[in-house]
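One structure is given below, encoded as C-alpha cells.
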Amino acid sequence: MPPRVTPLTDPETTPSSRRLAWLASGTDSAPVGSAFLRLFTKEGQSHLAELEIAVHAAERRQGVGSRLLDAAVSAAREEGRRSLVAQAEAGSPGDLFLAARGFRRVLALTYARLPLADADVAGITEIAERPHSGYALTHWDGVVPSGLALSFAHSRRAMDDMPMDDTDYGTVVWDVDRVVSAAEAIAKRGESLHTVAVLDRSDGSVVGFSELVVPGDGRGDAQHYGTGVLPEHRGHGLGLWMKAESIRLARRDHPELGGLLTDTADSNAPMRRINHALGYLPTHSAVEYQLDL
C-alpha cells in the first residue's frame, strides 16, 4: 500500500520566505519521510522554491520520496514558481534520486572545515594585522550598528555576482530592514552572528563583509554565512583579510569552538584560494540540482 502523505502547517515564516511541509507515513501511521518546500517571497527571488526531502533509510525505494516529490512539485507549480532547487551530497541516495527524476545538475559545491586546534595561529594573525592602504577593519556582534546599517545593506550587492553557475537563483535585494531581520532571526534561534567588515577610509562606507554564525553555547563548529567584497574594491586582498580576522576573533571570543565550516562553489576560484591559504580542509562535496517548472 502506498505511503500516506499529509500536508502540515509549518510555523517557520521569515521576512523573506515561508515553508510548506508534508509528512509521509506507513500503514501503521509511523513516519517514514518528510518534505519541506521553501517559497522565497522577496523581490528578485519570488520565482524560486527550495526543496528538502528526507526518507528513512529502511523505507527507501518504496515510493516514499516520489510521493513527497510529487506533492512538493505540485505545490510549487500552484505557487507560480519557475524553478525548484534541491541539494544533495555527491554520490548519496539523494544525489541519485534527484538525477533520476528530471532534475539537472547546476552547481557543484565543496564543503570545508578549519579545525581550530590545528590552525596556523601565527600566520592567520599576521594576515589579520597586515595593513591595507585606504581601508580599515571593523566588527560587530548581532545587529549591525545603526551608523553602518545603510552602508552595510548597500554592500550586500557584493554577493550579486557570486558564482552560481546555471542555478536560476535570482537576485537577493537587501535593505536595512532585511539585514536587521536576518540578524534578529539568528539570535531568536539561539545562535550568535559575528560580522567582520572592511571600511573605505575615504568615506567610512562598508565595502566588504564576512559573517560567522556561532552556536549558542560557543561549542562545536561555527558556520561561515558569506564573505563578499564590492567589485570596485576587489584585488586588494580584502576577502582574505576579513576571513583571517574572523578566525582570530572566533578563537579569542569562543575558545571552546572546535572548528569553522564553509561551503564554496567549485567555480569560485578566488574564495577557494582564500580557504586553502587559511588552512580549511575539504570534508565533502555536494551537488545543487534544479527542476525547471
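Letters for chains follow the order of the C-alpha cells (A, B, ...), residue numbers begin at 1 for each chain, and ligand numbers begin at 1 in the order shown.
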Give one line per residue of region 179-202 of chain A that approaches region 217-240 of chain A to at most 10 Å, naming the two atoms of the closest pair and their distance in Å to one decimal, counting only C-alpha atoms; sort by chain then ascending residue number and deliver it as JSON lines.
{"residue": "A:Gly190", "atom": "CA", "partner": "A:Asp217", "partner_atom": "CA", "distance": 8.7}
{"residue": "A:Glu191", "atom": "CA", "partner": "A:Asp217", "partner_atom": "CA", "distance": 8.1}
{"residue": "A:Ser192", "atom": "CA", "partner": "A:Gly218", "partner_atom": "CA", "distance": 8.7}
{"residue": "A:Leu193", "atom": "CA", "partner": "A:Tyr225", "partner_atom": "CA", "distance": 9.3}
{"residue": "A:His194", "atom": "CA", "partner": "A:His224", "partner_atom": "CA", "distance": 9.5}
{"residue": "A:Thr195", "atom": "CA", "partner": "A:Thr227", "partner_atom": "CA", "distance": 9.6}
{"residue": "A:Val196", "atom": "CA", "partner": "A:Thr227", "partner_atom": "CA", "distance": 9.2}
{"residue": "A:Ala197", "atom": "CA", "partner": "A:Val229", "partner_atom": "CA", "distance": 9.3}
{"residue": "A:Val198", "atom": "CA", "partner": "A:Leu238", "partner_atom": "CA", "distance": 7.4}
{"residue": "A:Asp200", "atom": "CA", "partner": "A:His233", "partner_atom": "CA", "distance": 9.0}
Need to verify the contact set: Gly147 (chain A), 12 Å, only C-alpha atoms, exclusion of same-chain residues closer than 6 positions in sequence. Can you return it as a PDB file with all heavy atoms, in the first residue's frame?
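File selection-v5.pdb, as written:
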ATOM      1  N   TRP A 140      31.297  43.638  14.501  1.00  0.00           N
ATOM      2  CA  TRP A 140      30.195  43.781  15.458  1.00  0.00           C
ATOM      3  C   TRP A 140      29.536  42.429  15.669  1.00  0.00           C
ATOM      4  O   TRP A 140      29.705  41.495  14.876  1.00  0.00           O
ATOM      5  CB  TRP A 140      29.173  44.810  14.976  1.00  0.00           C
ATOM      6  CG  TRP A 140      28.489  44.472  13.687  1.00  0.00           C
ATOM      7  CD1 TRP A 140      27.401  43.660  13.503  1.00  0.00           C
ATOM      8  CD2 TRP A 140      28.849  44.943  12.374  1.00  0.00           C
ATOM      9  NE1 TRP A 140      27.057  43.589  12.185  1.00  0.00           N
ATOM     10  CE2 TRP A 140      27.924  44.378  11.472  1.00  0.00           C
ATOM     11  CE3 TRP A 140      29.851  45.799  11.893  1.00  0.00           C
ATOM     12  CZ2 TRP A 140      27.980  44.627  10.103  1.00  0.00           C
ATOM     13  CZ3 TRP A 140      29.909  46.038  10.524  1.00  0.00           C
ATOM     14  CH2 TRP A 140      28.983  45.460   9.652  1.00  0.00           C
ATOM     15  N   ALA A 153      23.866  47.455   4.205  1.00  0.00           N
ATOM     16  CA  ALA A 153      22.838  46.938   3.301  1.00  0.00           C
ATOM     17  C   ALA A 153      23.257  47.121   1.846  1.00  0.00           C
ATOM     18  O   ALA A 153      23.088  46.213   1.018  1.00  0.00           O
ATOM     19  CB  ALA A 153      21.501  47.620   3.572  1.00  0.00           C
ATOM     20  N   VAL A 176      17.864  47.892   4.791  1.00  0.00           N
ATOM     21  CA  VAL A 176      18.186  47.879   6.224  1.00  0.00           C
ATOM     22  C   VAL A 176      17.268  46.935   6.985  1.00  0.00           C
ATOM     23  O   VAL A 176      17.720  46.177   7.857  1.00  0.00           O
ATOM     24  CB  VAL A 176      18.111  49.309   6.798  1.00  0.00           C
ATOM     25  CG1 VAL A 176      18.252  49.273   8.318  1.00  0.00           C
ATOM     26  CG2 VAL A 176      19.198  50.190   6.189  1.00  0.00           C
ATOM     27  N   GLY A 204      34.114  56.124   5.076  1.00  0.00           N
ATOM     28  CA  GLY A 204      33.592  55.302   6.168  1.00  0.00           C
ATOM     29  C   GLY A 204      32.563  54.277   5.746  1.00  0.00           C
ATOM     30  O   GLY A 204      31.924  53.648   6.608  1.00  0.00           O
ATOM     31  N   SER A 205      32.379  54.056   4.455  1.00  0.00           N
ATOM     32  CA  SER A 205      31.363  53.113   3.991  1.00  0.00           C
ATOM     33  C   SER A 205      31.874  51.676   4.041  1.00  0.00           C
ATOM     34  O   SER A 205      33.075  51.399   3.927  1.00  0.00           O
ATOM     35  CB  SER A 205      30.936  53.455   2.560  1.00  0.00           C
ATOM     36  OG  SER A 205      32.019  53.282   1.662  1.00  0.00           O
ATOM     37  N   VAL A 206      30.937  50.742   4.207  1.00  0.00           N
ATOM     38  CA  VAL A 206      31.261  49.318   4.203  1.00  0.00           C
ATOM     39  C   VAL A 206      31.437  48.865   2.759  1.00  0.00           C
ATOM     40  O   VAL A 206      30.556  49.077   1.913  1.00  0.00           O
ATOM     41  CB  VAL A 206      30.140  48.492   4.870  1.00  0.00           C
ATOM     42  CG1 VAL A 206      30.444  46.997   4.770  1.00  0.00           C
ATOM     43  CG2 VAL A 206      29.963  48.904   6.324  1.00  0.00           C
TER      44      VAL A 206
END
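Going from CA of Leu260 (chain A) over to CA of Asp118 (chain A), you cover 11.7 Å.
As for CA of Ser246 (chain A) and CA of Thr14 (chain A), they are spaced 26.8 Å apart.
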(request) With a distance cut-off of 10 Å and only C-alpha atoms, select the neighbouring residues of region 84-91 of chain A, excluding the residue or stretch itself and same-chain residues fewer than 4 positions from it, and output the selection as JSON, numbers by chain. (result) {"A": [37, 38, 39, 47, 48, 49, 50, 51, 52, 53, 72, 73, 76, 77, 95, 96, 97, 98, 103, 104, 105, 106, 107, 108, 109, 110, 111, 167, 168, 169, 284, 285, 286, 287, 288, 289, 290, 291, 292, 293]}
File of the preceding selection, C-alpha atoms, as an mmCIF file, in the first residue's frame:
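Final output, saved to out-v2.cif:
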data_model
loop_
_atom_site.group_PDB
_atom_site.id
_atom_site.type_symbol
_atom_site.label_atom_id
_atom_site.label_comp_id
_atom_site.auth_asym_id
_atom_site.auth_seq_id
_atom_site.Cartn_x
_atom_site.Cartn_y
_atom_site.Cartn_z
ATOM 1 C CA LEU A 37 9.326 23.448 0.350
ATOM 2 C CA ARG A 38 10.718 26.911 0.994
ATOM 3 C CA LEU A 39 8.978 29.608 -1.031
ATOM 4 C CA HIS A 47 10.243 32.730 -8.878
ATOM 5 C CA LEU A 48 12.232 30.264 -6.757
ATOM 6 C CA ALA A 49 11.425 27.389 -4.389
ATOM 7 C CA GLU A 50 13.849 25.193 -2.440
ATOM 8 C CA LEU A 51 13.155 21.555 -1.625
ATOM 9 C CA GLU A 52 14.327 19.295 1.184
ATOM 10 C CA ILE A 53 13.262 15.631 1.213
ATOM 11 C CA ALA A 72 6.108 19.460 -3.472
ATOM 12 C CA VAL A 73 6.300 19.923 -7.248
ATOM 13 C CA ALA A 76 5.497 24.828 -6.375
ATOM 14 C CA ARG A 77 3.550 24.961 -9.653
ATOM 15 C CA ASP A 95 22.006 12.643 -5.491
ATOM 16 C CA LEU A 96 20.822 9.586 -7.441
ATOM 17 C CA PHE A 97 17.154 10.271 -6.611
ATOM 18 C CA LEU A 98 17.164 13.817 -7.946
ATOM 19 C CA PHE A 103 16.438 17.480 -12.024
ATOM 20 C CA ARG A 104 19.598 18.749 -13.683
ATOM 21 C CA ARG A 105 22.930 19.497 -12.041
ATOM 22 C CA VAL A 106 23.523 23.240 -11.957
ATOM 23 C CA LEU A 107 26.216 23.784 -9.312
ATOM 24 C CA ALA A 108 28.992 21.814 -7.611
ATOM 25 C CA LEU A 109 29.994 22.750 -4.056
ATOM 26 C CA THR A 110 32.901 21.836 -1.818
ATOM 27 C CA TYR A 111 32.421 21.891 1.950
ATOM 28 C CA THR A 167 21.313 27.990 -10.987
ATOM 29 C CA ASP A 168 18.257 30.204 -11.520
ATOM 30 C CA TYR A 169 18.991 31.856 -8.182
ATOM 31 C CA HIS A 284 32.748 16.520 1.293
ATOM 32 C CA SER A 285 31.177 17.615 -1.973
ATOM 33 C CA ALA A 286 27.567 18.432 -2.785
ATOM 34 C CA VAL A 287 25.517 18.996 -5.914
ATOM 35 C CA GLU A 288 22.832 21.622 -6.423
ATOM 36 C CA TYR A 289 20.012 20.374 -8.639
ATOM 37 C CA GLN A 290 17.303 22.326 -10.392
ATOM 38 C CA LEU A 291 13.946 21.345 -11.851
ATOM 39 C CA ASP A 292 12.607 23.815 -14.389
ATOM 40 C CA LEU A 293 8.873 24.106 -13.852
#
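Candidate residues A:Arg248, A:Arg201, A:Arg189, A:Lys42 were compared for distance to Glu129 (chain A), and the nearest is A:Arg248, using only C-alpha atoms.
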(request) Enumerate, as a VMD selection string, the complete set of residues in region 144-195 of chain A that a backbone-based DSSP assignment places in strand (DSSP E or B). (result) chain A and resid 192 to 195
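Between CA of Ile247 (chain A) and CA of Ile124 (chain A) the separation is 7.7 Å.
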